[in-house]
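Dumped target-v5.cif below, it's mmCIF, C-alpha atoms and all ligand atoms:
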```
data_start
loop_
_atom_site.group_PDB
_atom_site.id
_atom_site.type_symbol
_atom_site.label_atom_id
_atom_site.label_comp_id
_atom_site.auth_asym_id
_atom_site.auth_seq_id
_atom_site.Cartn_x
_atom_site.Cartn_y
_atom_site.Cartn_z
ATOM 1 C CA MET C 1068 0.000 0.000 0.000
ATOM 2 C CA THR C 1069 2.667 2.435 1.142
ATOM 3 C CA ASP C 1070 4.438 2.572 -2.205
ATOM 4 C CA VAL C 1071 1.313 3.321 -4.203
ATOM 5 C CA PHE C 1072 1.599 6.991 -3.245
ATOM 6 C CA PRO C 1073 4.712 8.972 -4.157
ATOM 7 C CA ALA C 1074 6.899 11.043 -1.868
ATOM 8 C CA LEU C 1075 6.843 14.461 -3.553
ATOM 9 C CA THR C 1076 9.743 16.882 -3.888
ATOM 10 C CA LEU C 1077 9.530 20.187 -2.029
ATOM 11 C CA ASP C 1078 9.143 22.049 -5.325
ATOM 12 C CA ALA C 1079 6.352 19.716 -6.430
ATOM 13 C CA VAL C 1080 4.568 20.481 -3.137
ATOM 14 C CA CYS C 1081 4.986 24.232 -3.771
ATOM 15 C CA ASP C 1082 3.671 23.861 -7.349
ATOM 16 C CA LEU C 1083 0.662 21.919 -6.113
ATOM 17 C CA LEU C 1084 -0.199 24.630 -3.559
ATOM 18 C CA LEU C 1085 0.196 27.404 -6.138
ATOM 19 C CA ALA C 1086 -2.051 25.620 -8.656
ATOM 20 C CA ALA C 1087 -4.940 25.110 -6.216
ATOM 21 C CA GLN C 1088 -8.059 27.087 -7.077
ATOM 22 C CA ARG C 1089 -10.581 25.685 -4.583
ATOM 23 C CA PRO C 1090 -8.494 24.047 -1.849
ATOM 24 C CA LEU C 1091 -9.950 22.037 1.027
ATOM 25 C CA ILE C 1092 -7.845 21.534 4.162
ATOM 26 C CA LEU C 1093 -8.488 18.500 6.366
ATOM 27 C CA SER C 1094 -7.504 18.125 10.028
ATOM 28 C CA HIS C 1095 -7.444 14.856 11.947
ATOM 29 C CA ALA C 1096 -10.306 13.765 14.204
ATOM 30 C CA ARG C 1097 -10.100 14.754 17.903
ATOM 31 C CA PRO C 1098 -8.045 17.722 16.699
ATOM 32 C CA ASP C 1099 -5.012 19.102 18.555
ATOM 33 C CA GLY C 1100 -3.148 22.396 18.306
ATOM 34 C CA ASP C 1101 -0.792 21.125 15.602
ATOM 35 C CA THR C 1102 -3.454 20.010 13.140
ATOM 36 C CA ILE C 1103 -5.629 23.108 13.741
ATOM 37 C CA GLY C 1104 -2.702 25.561 13.802
ATOM 38 C CA SER C 1105 -1.302 24.070 10.591
ATOM 39 C CA ALA C 1106 -4.704 24.091 8.889
ATOM 40 C CA ALA C 1107 -5.294 27.713 9.930
ATOM 41 C CA ALA C 1108 -1.850 28.759 8.635
ATOM 42 C CA LEU C 1109 -2.493 27.051 5.305
ATOM 43 C CA CYS C 1110 -5.983 28.575 5.033
ATOM 44 C CA LEU C 1111 -4.465 32.024 5.650
ATOM 45 C CA PHE C 1112 -1.840 31.366 2.980
ATOM 46 C CA PHE C 1113 -4.595 30.594 0.454
ATOM 47 C CA ALA C 1114 -6.722 33.549 1.537
ATOM 48 C CA ARG C 1115 -3.755 35.899 0.965
ATOM 49 C CA ARG C 1116 -3.460 34.497 -2.575
ATOM 50 C CA GLY C 1117 -7.112 35.256 -3.252
ATOM 51 C CA THR C 1118 -8.110 31.571 -3.354
ATOM 52 C CA PRO C 1119 -9.664 31.028 0.108
ATOM 53 C CA ALA C 1120 -9.690 27.418 1.296
ATOM 54 C CA ALA C 1121 -12.438 25.396 2.907
ATOM 55 C CA PHE C 1122 -11.710 23.573 6.155
ATOM 56 C CA ALA C 1123 -13.127 20.315 7.503
ATOM 57 C CA CYS C 1124 -12.595 18.144 10.562
ATOM 58 C CA ALA C 1125 -14.617 15.143 11.756
ATOM 59 C CA ASP C 1126 -14.895 16.556 15.275
ATOM 60 C CA PRO C 1127 -15.660 20.048 16.551
ATOM 61 C CA VAL C 1128 -12.651 22.303 17.132
ATOM 62 C CA PRO C 1129 -12.142 22.409 20.946
ATOM 63 C CA LYS C 1130 -12.997 25.780 22.470
ATOM 64 C CA ARG C 1131 -9.429 26.388 23.646
ATOM 65 C CA LEU C 1132 -8.190 26.108 20.024
ATOM 66 C CA GLY C 1133 -10.913 28.286 18.526
ATOM 67 C CA PHE C 1134 -8.676 31.376 18.505
ATOM 68 C CA LEU C 1135 -6.476 29.787 15.830
ATOM 69 C CA LEU C 1136 -9.256 29.934 13.228
ATOM 70 C CA GLU C 1137 -10.558 33.340 14.302
ATOM 71 C CA GLY C 1138 -10.361 35.858 11.457
ATOM 72 C CA VAL C 1139 -9.302 33.253 8.896
ATOM 73 C CA PRO C 1140 -11.362 33.713 5.693
ATOM 74 C CA LEU C 1141 -12.836 30.340 4.691
ATOM 75 C CA ARG C 1142 -14.959 28.993 1.846
ATOM 76 C CA GLU C 1143 -18.037 26.857 2.444
ATOM 77 C CA PRO C 1144 -16.865 23.295 3.129
ATOM 78 C CA SER C 1145 -19.551 21.990 0.768
ATOM 79 C CA SER C 1146 -18.204 23.817 -2.309
ATOM 80 C CA ASP C 1147 -16.503 21.453 -4.756
ATOM 81 C CA PRO C 1148 -12.753 21.329 -3.945
ATOM 82 C CA ASP C 1149 -10.096 20.844 -6.651
ATOM 83 C CA THR C 1150 -7.187 20.248 -4.240
ATOM 84 C CA ILE C 1151 -7.559 18.438 -0.920
ATOM 85 C CA ILE C 1152 -4.712 18.731 1.578
ATOM 86 C CA ALA C 1153 -4.525 16.734 4.819
ATOM 87 C CA VAL C 1154 -2.365 18.237 7.569
ATOM 88 C CA ASP C 1155 -0.971 16.194 10.489
ATOM 89 C CA VAL C 1156 -3.051 13.169 9.427
ATOM 90 C CA ALA C 1157 -0.840 10.056 9.513
ATOM 91 C CA SER C 1158 -3.364 7.431 8.389
ATOM 92 C CA PRO C 1159 -6.783 7.478 6.696
ATOM 93 C CA SER C 1160 -8.520 6.294 9.888
ATOM 94 C CA GLN C 1161 -7.414 9.518 11.592
ATOM 95 C CA LEU C 1162 -9.779 11.423 9.322
ATOM 96 C CA GLY C 1163 -12.544 9.910 11.462
ATOM 97 C CA SER C 1164 -15.965 10.124 9.878
ATOM 98 C CA LEU C 1165 -14.500 12.168 6.981
ATOM 99 C CA ALA C 1166 -12.468 9.158 5.801
ATOM 100 C CA THR C 1167 -15.314 7.636 3.795
ATOM 101 C CA VAL C 1168 -15.888 10.898 1.918
ATOM 102 C CA TYR C 1169 -12.326 12.127 1.382
ATOM 103 C CA ALA C 1170 -9.665 9.455 2.048
ATOM 104 C CA GLY C 1171 -9.450 8.437 -1.646
ATOM 105 C CA ARG C 1172 -9.508 12.019 -2.945
ATOM 106 C CA VAL C 1173 -6.682 13.686 -1.046
ATOM 107 C CA SER C 1174 -4.111 15.443 -3.307
ATOM 108 C CA LEU C 1175 -1.391 15.985 -0.693
ATOM 109 C CA MET C 1176 -0.494 14.896 2.839
ATOM 110 C CA ILE C 1177 1.671 17.281 4.869
ATOM 111 C CA ASP C 1178 2.813 15.525 8.026
ATOM 112 C CA HIS C 1179 5.619 14.715 10.457
ATOM 113 C CA HIS C 1180 4.632 11.214 11.599
ATOM 114 C CA GLY C 1181 7.093 8.571 10.424
ATOM 115 C CA THR C 1182 4.863 5.619 11.267
ATOM 116 C CA GLY C 1183 1.587 6.242 9.447
ATOM 117 C CA THR C 1184 -0.019 4.812 6.316
ATOM 118 C CA PRO C 1185 0.238 7.300 3.436
ATOM 119 C CA PHE C 1186 -3.080 7.619 1.623
ATOM 120 C CA ALA C 1187 -2.098 10.314 -0.913
ATOM 121 C CA PRO C 1188 1.044 11.833 -2.460
ATOM 122 C CA TYR C 1189 2.943 13.133 0.518
ATOM 123 C CA TRP C 1190 5.512 15.451 2.049
ATOM 124 C CA ILE C 1191 6.412 13.871 5.404
ATOM 125 C CA ARG C 1192 9.363 15.060 7.516
ATOM 126 C CA PRO C 1193 9.718 12.753 10.537
ATOM 127 C CA ASP C 1194 12.577 14.897 11.884
ATOM 128 C CA ALA C 1195 10.170 17.821 12.423
ATOM 129 C CA ALA C 1196 8.590 18.297 15.854
ATOM 130 C CA ALA C 1197 5.236 19.261 14.367
ATOM 131 C CA THR C 1198 3.397 19.592 11.084
ATOM 132 C CA GLY C 1199 3.622 23.351 11.703
ATOM 133 C CA GLU C 1200 7.402 23.056 11.361
ATOM 134 C CA VAL C 1201 7.023 21.080 8.098
ATOM 135 C CA LEU C 1202 4.667 23.735 6.763
ATOM 136 C CA GLY C 1203 7.147 26.438 7.773
ATOM 137 C CA GLY C 1204 9.732 24.758 5.536
ATOM 138 C CA ILE C 1205 7.298 24.789 2.622
ATOM 139 C CA PHE C 1206 6.531 28.496 3.128
ATOM 140 C CA ARG C 1207 10.267 29.220 3.349
ATOM 141 C CA ARG C 1208 10.817 27.565 -0.042
ATOM 142 C CA LEU C 1209 7.849 29.440 -1.540
ATOM 143 C CA SER C 1210 9.260 32.779 -0.437
ATOM 144 C CA ALA C 1211 12.776 31.834 -1.623
ATOM 145 C CA ARG C 1212 11.201 31.187 -5.035
ATOM 146 C CA GLY C 1213 9.474 34.565 -4.897
ATOM 147 C CA ASP C 1214 6.047 32.911 -4.712
ATOM 148 C CA ALA C 1215 5.097 34.096 -1.226
ATOM 149 C CA PRO C 1216 5.994 37.001 1.062
ATOM 150 C CA ALA C 1217 8.785 36.307 3.554
ATOM 151 C CA ALA C 1218 7.056 37.008 6.856
ATOM 152 C CA ASP C 1219 3.403 37.102 7.805
ATOM 153 C CA PRO C 1220 2.749 37.464 11.553
ATOM 154 C CA ASP C 1221 -0.781 36.011 11.304
ATOM 155 C CA ILE C 1222 0.553 32.855 9.672
ATOM 156 C CA ALA C 1223 3.565 32.806 12.019
ATOM 157 C CA ALA C 1224 1.249 32.850 15.061
ATOM 158 C CA ARG C 1225 -0.569 29.703 13.842
ATOM 159 C CA LEU C 1226 2.685 27.901 13.047
ATOM 160 C CA TYR C 1227 4.051 28.813 16.464
ATOM 161 C CA ALA C 1228 0.900 27.443 18.132
ATOM 162 C CA ALA C 1229 1.228 24.224 16.129
ATOM 163 C CA VAL C 1230 4.838 23.672 17.186
ATOM 164 C CA SER C 1231 4.311 24.756 20.784
ATOM 165 C CA SER C 1232 1.323 22.414 21.028
ATOM 166 C CA ASP C 1233 3.177 19.309 19.808
ATOM 167 C CA THR C 1234 6.264 20.007 21.923
ATOM 168 C CA GLY C 1235 4.300 20.618 25.138
ATOM 169 C CA CYS C 1236 5.439 24.249 25.100
ATOM 170 C CA PHE C 1237 8.964 23.229 24.007
ATOM 171 C CA ARG C 1238 9.393 20.829 26.941
ATOM 172 C CA TYR C 1239 9.432 17.478 25.124
ATOM 173 C CA ALA C 1240 12.444 15.731 23.609
ATOM 174 C CA ASN C 1241 11.155 16.459 20.078
ATOM 175 C CA ALA C 1242 11.972 20.178 20.508
ATOM 176 C CA THR C 1243 15.377 20.108 18.789
ATOM 177 C CA PRO C 1244 17.772 22.997 18.135
ATOM 178 C CA LYS C 1245 16.139 23.195 14.683
ATOM 179 C CA THR C 1246 12.701 23.508 16.288
ATOM 180 C CA HIS C 1247 13.918 26.316 18.534
ATOM 181 C CA ARG C 1248 15.534 28.121 15.589
ATOM 182 C CA PHE C 1249 12.240 27.844 13.681
ATOM 183 C CA ALA C 1250 10.344 29.207 16.702
ATOM 184 C CA ALA C 1251 12.871 32.051 16.981
ATOM 185 C CA ALA C 1252 12.212 33.046 13.367
ATOM 186 C CA LEU C 1253 8.456 33.058 14.078
ATOM 187 C CA LEU C 1254 8.970 35.197 17.212
ATOM 188 C CA ALA C 1255 10.959 37.681 15.120
ATOM 189 C CA THR C 1256 7.753 38.526 13.206
ATOM 190 C CA GLY C 1257 6.403 40.099 16.410
ATOM 191 C CA ILE C 1258 3.823 37.500 17.423
ATOM 192 C CA ARG C 1259 2.514 37.322 21.011
ATOM 193 C CA ALA C 1260 3.856 33.909 22.017
ATOM 194 C CA ASP C 1261 2.931 34.647 25.643
ATOM 195 C CA ARG C 1262 -0.753 34.877 24.751
ATOM 196 C CA ILE C 1263 -0.624 31.803 22.519
ATOM 197 C CA ASN C 1264 1.022 29.671 25.212
ATOM 198 C CA HIS C 1265 -1.378 30.927 27.864
ATOM 199 C CA ALA C 1266 -4.354 29.935 25.692
ATOM 200 C CA LEU C 1267 -2.843 26.537 24.900
ATOM 201 C CA PHE C 1268 -1.436 25.521 28.279
ATOM 202 C CA GLU C 1269 -2.751 27.647 31.138
ATOM 203 C CA ALA C 1270 -6.266 28.876 30.450
ATOM 204 C CA ARG C 1271 -8.987 26.579 31.819
ATOM 205 C CA SER C 1272 -12.737 27.007 31.941
ATOM 206 C CA PRO C 1273 -14.299 27.402 35.403
ATOM 207 C CA GLU C 1274 -15.810 23.919 34.912
ATOM 208 C CA GLN C 1275 -12.392 22.430 34.164
ATOM 209 C CA LEU C 1276 -10.947 24.058 37.262
ATOM 210 C CA ALA C 1277 -13.847 22.829 39.395
ATOM 211 C CA ALA C 1278 -13.280 19.299 38.100
ATOM 212 C CA GLU C 1279 -9.564 19.514 38.892
ATOM 213 C CA ARG C 1280 -10.343 20.686 42.426
ATOM 214 C CA ILE C 1281 -12.596 17.664 42.913
ATOM 215 C CA ALA C 1282 -9.920 15.354 41.469
ATOM 216 C CA LEU C 1283 -7.307 16.846 43.844
ATOM 217 C CA ASP C 1284 -9.689 16.244 46.750
ATOM 218 C CA ARG C 1285 -10.048 12.589 45.750
ATOM 219 C CA LEU C 1286 -6.341 11.924 45.250
ATOM 220 C CA ARG C 1287 -4.961 9.007 47.285
ATOM 221 C CA LEU C 1288 -1.397 7.769 47.553
ATOM 222 C CA PHE C 1289 -0.324 4.169 48.181
ATOM 223 C CA GLU C 1290 3.014 2.390 48.616
ATOM 224 C CA GLY C 1291 4.757 5.497 49.867
ATOM 225 C CA GLY C 1292 3.530 7.552 46.904
ATOM 226 C CA ARG C 1293 4.623 5.149 44.165
ATOM 227 C CA ILE C 1294 0.953 4.659 43.242
ATOM 228 C CA ALA C 1295 -1.342 7.693 42.917
ATOM 229 C CA MET C 1296 -5.050 7.190 42.375
ATOM 230 C CA VAL C 1297 -7.930 9.592 41.792
ATOM 231 C CA THR C 1298 -11.266 7.974 42.632
ATOM 232 C CA LEU C 1299 -14.433 9.642 41.386
ATOM 233 C CA THR C 1300 -17.936 8.391 42.148
ATOM 234 C CA ARG C 1301 -20.872 9.838 40.299
ATOM 235 C CA ALA C 1302 -21.762 11.735 43.478
ATOM 236 C CA ASP C 1303 -18.239 13.208 43.584
ATOM 237 C CA ARG C 1304 -18.662 14.624 40.101
ATOM 238 C CA GLY C 1305 -21.870 16.440 41.009
ATOM 239 C CA ALA C 1306 -23.417 18.356 38.137
ATOM 240 C CA LEU C 1307 -20.173 18.602 36.162
ATOM 241 C CA ALA C 1308 -20.198 16.791 32.814
ATOM 242 C CA ASP C 1309 -17.991 13.728 32.369
ATOM 243 C CA GLU C 1310 -15.795 15.425 29.766
ATOM 244 C CA TYR C 1311 -14.278 17.699 32.444
ATOM 245 C CA PHE C 1312 -12.876 14.655 34.227
ATOM 246 C CA GLU C 1313 -11.016 13.249 31.211
ATOM 247 C CA THR C 1314 -7.837 14.857 32.572
ATOM 248 C CA ALA C 1315 -8.295 13.585 36.154
ATOM 249 C CA ILE C 1316 -5.459 11.136 35.602
ATOM 250 C CA ASP C 1317 -3.094 14.059 35.033
ATOM 251 C CA VAL C 1318 -3.654 15.019 38.665
ATOM 252 C CA ALA C 1319 -2.400 11.570 39.698
ATOM 253 C CA ARG C 1320 0.476 11.744 37.201
ATOM 254 C CA SER C 1321 1.613 15.097 38.552
ATOM 255 C CA VAL C 1322 2.654 13.651 41.925
ATOM 256 C CA ALA C 1323 6.462 13.657 42.214
ATOM 257 C CA GLY C 1324 7.874 10.145 42.387
ATOM 258 C CA VAL C 1325 4.701 8.424 41.189
ATOM 259 C CA GLU C 1326 5.274 5.244 39.169
ATOM 260 C CA ILE C 1327 1.688 4.214 38.474
ATOM 261 C CA ALA C 1328 -1.091 6.798 38.080
ATOM 262 C CA VAL C 1329 -4.726 5.739 38.114
ATOM 263 C CA SER C 1330 -8.054 7.379 37.563
ATOM 264 C CA LEU C 1331 -10.969 5.247 38.707
ATOM 265 C CA ARG C 1332 -14.375 6.619 37.717
ATOM 266 C CA GLU C 1333 -17.826 5.258 38.433
ATOM 267 C CA THR C 1334 -19.484 5.362 35.011
ATOM 268 C CA GLY C 1335 -22.721 3.532 35.879
ATOM 269 C CA PRO C 1336 -24.265 1.642 38.779
ATOM 270 C CA GLY C 1337 -21.580 -0.810 39.933
ATOM 271 C CA ILE C 1338 -19.368 -0.042 36.917
ATOM 272 C CA TYR C 1339 -15.921 1.515 37.362
ATOM 273 C CA ARG C 1340 -13.631 2.623 34.569
ATOM 274 C CA ALA C 1341 -9.913 2.487 35.377
ATOM 275 C CA SER C 1342 -7.268 4.363 33.370
ATOM 276 C CA LEU C 1343 -3.695 3.370 34.142
ATOM 277 C CA ARG C 1344 -0.433 5.159 33.304
ATOM 278 C CA SER C 1345 3.063 4.142 34.322
ATOM 279 C CA THR C 1346 6.653 5.225 33.979
ATOM 280 C CA ASP C 1347 8.089 1.668 33.933
ATOM 281 C CA ALA C 1348 5.531 -0.844 35.245
ATOM 282 C CA ASP C 1349 3.616 -3.037 32.797
ATOM 283 C CA VAL C 1350 0.086 -1.713 33.302
ATOM 284 C CA ALA C 1351 -1.113 -3.426 30.106
ATOM 285 C CA ALA C 1352 -0.762 -6.773 31.908
ATOM 286 C CA VAL C 1353 -2.747 -5.462 34.900
ATOM 287 C CA ALA C 1354 -5.508 -4.205 32.615
ATOM 288 C CA ALA C 1355 -5.529 -7.427 30.581
ATOM 289 C CA ALA C 1356 -5.866 -9.553 33.748
ATOM 290 C CA LEU C 1357 -9.010 -7.541 34.533
ATOM 291 C CA GLY C 1358 -10.507 -7.834 31.058
ATOM 292 C CA GLY C 1359 -9.090 -4.619 29.573
ATOM 293 C CA GLY C 1360 -6.065 -3.782 27.481
ATOM 294 C CA GLY C 1361 -3.821 -1.075 26.099
ATOM 295 C CA HIS C 1362 -0.138 -0.273 25.829
ATOM 296 C CA LEU C 1363 2.721 -1.116 28.196
ATOM 297 C CA HIS C 1364 2.572 2.301 29.906
ATOM 298 C CA ALA C 1365 -1.028 3.379 29.131
ATOM 299 C CA ALA C 1366 -3.902 0.955 29.586
ATOM 300 C CA GLY C 1367 -7.422 0.697 30.907
ATOM 301 C CA CYS C 1368 -10.123 -1.704 32.050
ATOM 302 C CA THR C 1369 -13.678 -1.709 33.349
ATOM 303 C CA LEU C 1370 -14.434 -3.225 36.755
ATOM 304 C CA GLN C 1371 -17.695 -4.405 38.253
ATOM 305 C CA ALA C 1372 -17.905 -3.853 41.993
ATOM 306 C CA ASP C 1373 -20.541 -3.034 44.589
ATOM 307 C CA SER C 1374 -18.732 0.103 45.756
ATOM 308 C CA MET C 1375 -15.769 2.321 44.956
ATOM 309 C CA GLU C 1376 -13.898 0.764 47.883
ATOM 310 C CA SER C 1377 -14.337 -2.766 46.532
ATOM 311 C CA ALA C 1378 -13.209 -1.537 43.091
ATOM 312 C CA VAL C 1379 -10.052 -0.130 44.709
ATOM 313 C CA ARG C 1380 -9.501 -3.446 46.579
ATOM 314 C CA LEU C 1381 -9.834 -5.309 43.267
ATOM 315 C CA LEU C 1382 -7.267 -3.156 41.499
ATOM 316 C CA LEU C 1383 -4.701 -2.147 44.109
ATOM 317 C CA PRO C 1384 -3.007 -5.524 44.887
ATOM 318 C CA ARG C 1385 -2.366 -6.070 41.186
ATOM 319 C CA LEU C 1386 -0.852 -2.608 40.844
ATOM 320 C CA VAL C 1387 1.404 -3.222 43.847
ATOM 321 C CA ARG C 1388 2.635 -6.462 42.296
ATOM 322 C CA ALA C 1389 3.303 -4.660 39.001
ATOM 323 C CA LEU C 1390 5.655 -2.121 40.625
HETATM 324 MN MN MN C 1401 1.434 16.773 15.017
#
```

Spit out the file's structure as structure tokens when you get a sec.
Ligand SMILES: [Mn+2]
Amino acid sequence: MTDVFPALTLDAVCDLLLAAQRPLILSHARPDGDTIGSAAALCLFFARRGTPAAFACADPVPKRLGFLLEGVPLREPSSDPDTIIAVDVASPSQLGSLATVYAGRVSLMIDHHGTGTPFAPYWIRPDAAATGEVLGGIFRRLSARGDAPAADPDIAARLYAAVSSDTGCFRYANATPKTHRFAAALLATGIRADRINHALFEARSPEQLAAERIALDRLRLFEGGRIAMVTLTRADRGALADEYFETAIDVARSVAGVEIAVSLRETGPGIYRASLRSTDADVAAVAAALGGGGHLHAAGCTLQADSMESAVRLLLPRLVRAL
């Protein structure tokens, strides 16, 4: 399958972008800051050329990423596209519900994942920290050719958000010297990186904060702090929607010295959903023994128990043995 679609040259990618009359940009499902920032930057590029792009994503753009698309002129998604470009989408399944409509019609994949399944002619740079960095390289070539202006702060802001998002605000190992040099060039256009990083990493809705306070209240430590567990009954969650507790496990993970982090949530009467994360321990085996599954360091399972305390008693001895 992989060889059916060609790796394009950088100039072929530039030519393809310049020839597009009615482009459509696709982001991956459950979108993150890289796919939305990259899509917004590309949409702005097309708008500046007088050929505004349409944008589509299988899932709604999360509220905290909405600012990236603000003020970006877009065409109606329904209008017939002549060039479809997928950004940060490694495999057709990542298009989500859009896969059935578009997966076979994509003209170009721009991505940085080295392990996906190409489903269109592609420009993939696995040494880049983010698709935003890959796109920056394309824009640099376009301006070197005289086909695009050198610096555009509105585009730079979206590319910066994309890279900052995928590097965890430049904290992860994928933020290389090259990534920092790219970010420096974006900063030189005068963008407000402080505001972008606040929106991406600090700002939380009052509901999110309330959920985190509840999760902190329900944090328990075992084995001298090597196991951290957040237990949440339906009563604990009160009127707050489930979605606000998706990050409860991060509260457990944030404990210094923790080796296994757990969020245990009552999802129905007598039903408890456990999410497990570890630094070294094999939590996949723990989850599998309880009817669940997952990866070595990130797994989950569903327990049946008559109370939260019996659910904890079911899980804890296995976690202790896994340490
Ligand atoms: Mn990415």

Would you mind listing what lies within 10 Å of C:Pro1216 as a list in words, with only C-alpha atoms counted and same-chain residues fewer than 4 positions away left out? Phe1112, Arg1115, Phe1206, Arg1207, Leu1209, Ser1210, Ala1211 and Arg1212 of chain C

Tell me, counting only C-alpha atoms, for each residue of stretch 1131-1211 of chain C within 9 Å of stretch 1234-1251 of chain C, which pair of atoms is nearest and how far apart they are in Å to one decimal, in rows ordered by chain and increasing number, as CSV.
```
residue,atom,partner,partner_atom,distance
C:Asp1194,CA,C:Asn1241,CA,8.5
C:Ala1195,CA,C:Thr1246,CA,7.3
C:Ala1196,CA,C:Asn1241,CA,5.3
C:Ala1197,CA,C:Thr1234,CA,7.7
C:Glu1200,CA,C:Phe1249,CA,7.2
C:Gly1203,CA,C:Phe1249,CA,7.9
```

How would the residues just picked look written out with C-alpha atoms as a CSV table (one decimal), in the coordinates of the input?
```
chain,number,residue,atom,x,y,z
C,1194,ASP,CA,12.6,14.9,11.9
C,1195,ALA,CA,10.2,17.8,12.4
C,1196,ALA,CA,8.6,18.3,15.9
C,1197,ALA,CA,5.2,19.3,14.4
C,1200,GLU,CA,7.4,23.1,11.4
C,1203,GLY,CA,7.1,26.4,7.8
```

Counting only C-alpha atoms, what is within 12 Å of C:Gly1199, bar same-chain residues fewer than 4 positions away, as a PyMOL selection string? chain C and resi 1099-1109+1154-1155+1177-1179+1191-1192+1195+1203-1206+1222-1234+1246+1249-1250+1253

Could you write out as number ranges by chain the residues that the PyMOL selection byres (((chain C and resi 1386) around 12) and not hetatm) matches in the shown file? C: 1289-1290, 1293-1296, 1326-1329, 1341, 1343-1345, 1348-1354, 1356-1357, 1379-1385, 1387-1390

Which of C:Ala1121, C:Arg1320, C:Ala1087, C:Ala1153 sits closest to ligand MN 1401 (chain C) [using only C-alpha atoms and all ligand atoms]: C:Ala1153

What box, with edges along x, y and z, holds each listed atom of stretch 1346-1357 of chain C when 6 Å is added on every side, and can you state its centre and edge lengths in Å to one decimal, as JSON?
```
{"center_x": -0.5, "center_y": -2.2, "center_z": 32.7, "size_x": 29.1, "size_y": 26.8, "size_z": 17.1}
```

Give as an MDAnalysis selection string the set of residues within 12 Å of the point (-0.1, 22.0, -3.3), where distances use the file's coordinates and all atoms listed in the file. chainID C and resid 1075:1092 1109 1112:1113 1120 1149:1154 1173:1177 1188:1190 1202 1205:1206 1209

Take atom CA of C:Ala1277 and atom CA of C:Ala1315 and report the distance between them in Å, one decimal.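 So the answer is 11.3 Å.
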
C:Glu1376 proximity check over C:Ser1272, C:Ser1094, C:Thr1298, C:Ser1330, using only C-alpha atoms: winner is C:Thr1298

One number please: atom CA of C:Ser1158 to atom CA of C:Pro1193, in Å, one decimal. 14.3 Å

Give me the result of the PyMOL selection byres (((chain C and resi 1095) around 6) and not hetatm) on this file, residue by residue, as a CSV table (one decimal) with C-alpha atoms, in the coordinates of the input.
```
chain,number,residue,atom,x,y,z
C,1094,SER,CA,-7.5,18.1,10.0
C,1096,ALA,CA,-10.3,13.8,14.2
C,1098,PRO,CA,-8.0,17.7,16.7
C,1156,VAL,CA,-3.1,13.2,9.4
C,1161,GLN,CA,-7.4,9.5,11.6
C,1162,LEU,CA,-9.8,11.4,9.3
```

Coordinates-based distance that separates atom CA of C:Val1168 from atom CA of C:Ser1145 (Å, one decimal): 11.7 Å

Which residue of C:Gly1305, C:Pro1073, C:Gly1171, C:Gly1181 approaches ligand MN 1401 (chain C) most closely, using only C-alpha atoms and all ligand atoms: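 Comparing C:Gly1305, C:Pro1073, C:Gly1171, C:Gly1181 against ligand MN 1401 (chain C), the winner is C:Gly1181.
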
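Closest to C:Gly1163 among C:Pro1127, C:Gly1138, C:Pro1144, C:Pro1220 is C:Pro1127, based on only C-alpha atoms.
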
Which of these residues is nearest to ligand MN 1401 (chain C), using all atoms listed in the file: C:His1180, C:His1265, C:Arg1280, C:Lys1130? C:His1180

Pick out the closest residue to C:Pro1140 from this set: C:Ala1282, C:Cys1110, C:Ala1302, C:Val1322. Count all atoms listed in the file.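 Between C:Ala1282, C:Cys1110, C:Ala1302, C:Val1322, the residue approaching C:Pro1140 most closely is C:Cys1110.
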
List the neighbours of C:Leu1307 out to 10 Å using only C-alpha atoms; skip same-chain residues closer than 3 positions along the sequence, and give me the result as number ranges by chain. C: 1274-1275, 1277-1278, 1301, 1303-1304, 1310-1312

Using all atoms listed in the file, determine which residues lie at most 7 Å from C:Leu1370, disregarding the query and same-chain residues fewer than 4 positions distant; provide the list as a PyMOL selection string. chain C and resi 1338-1340+1378
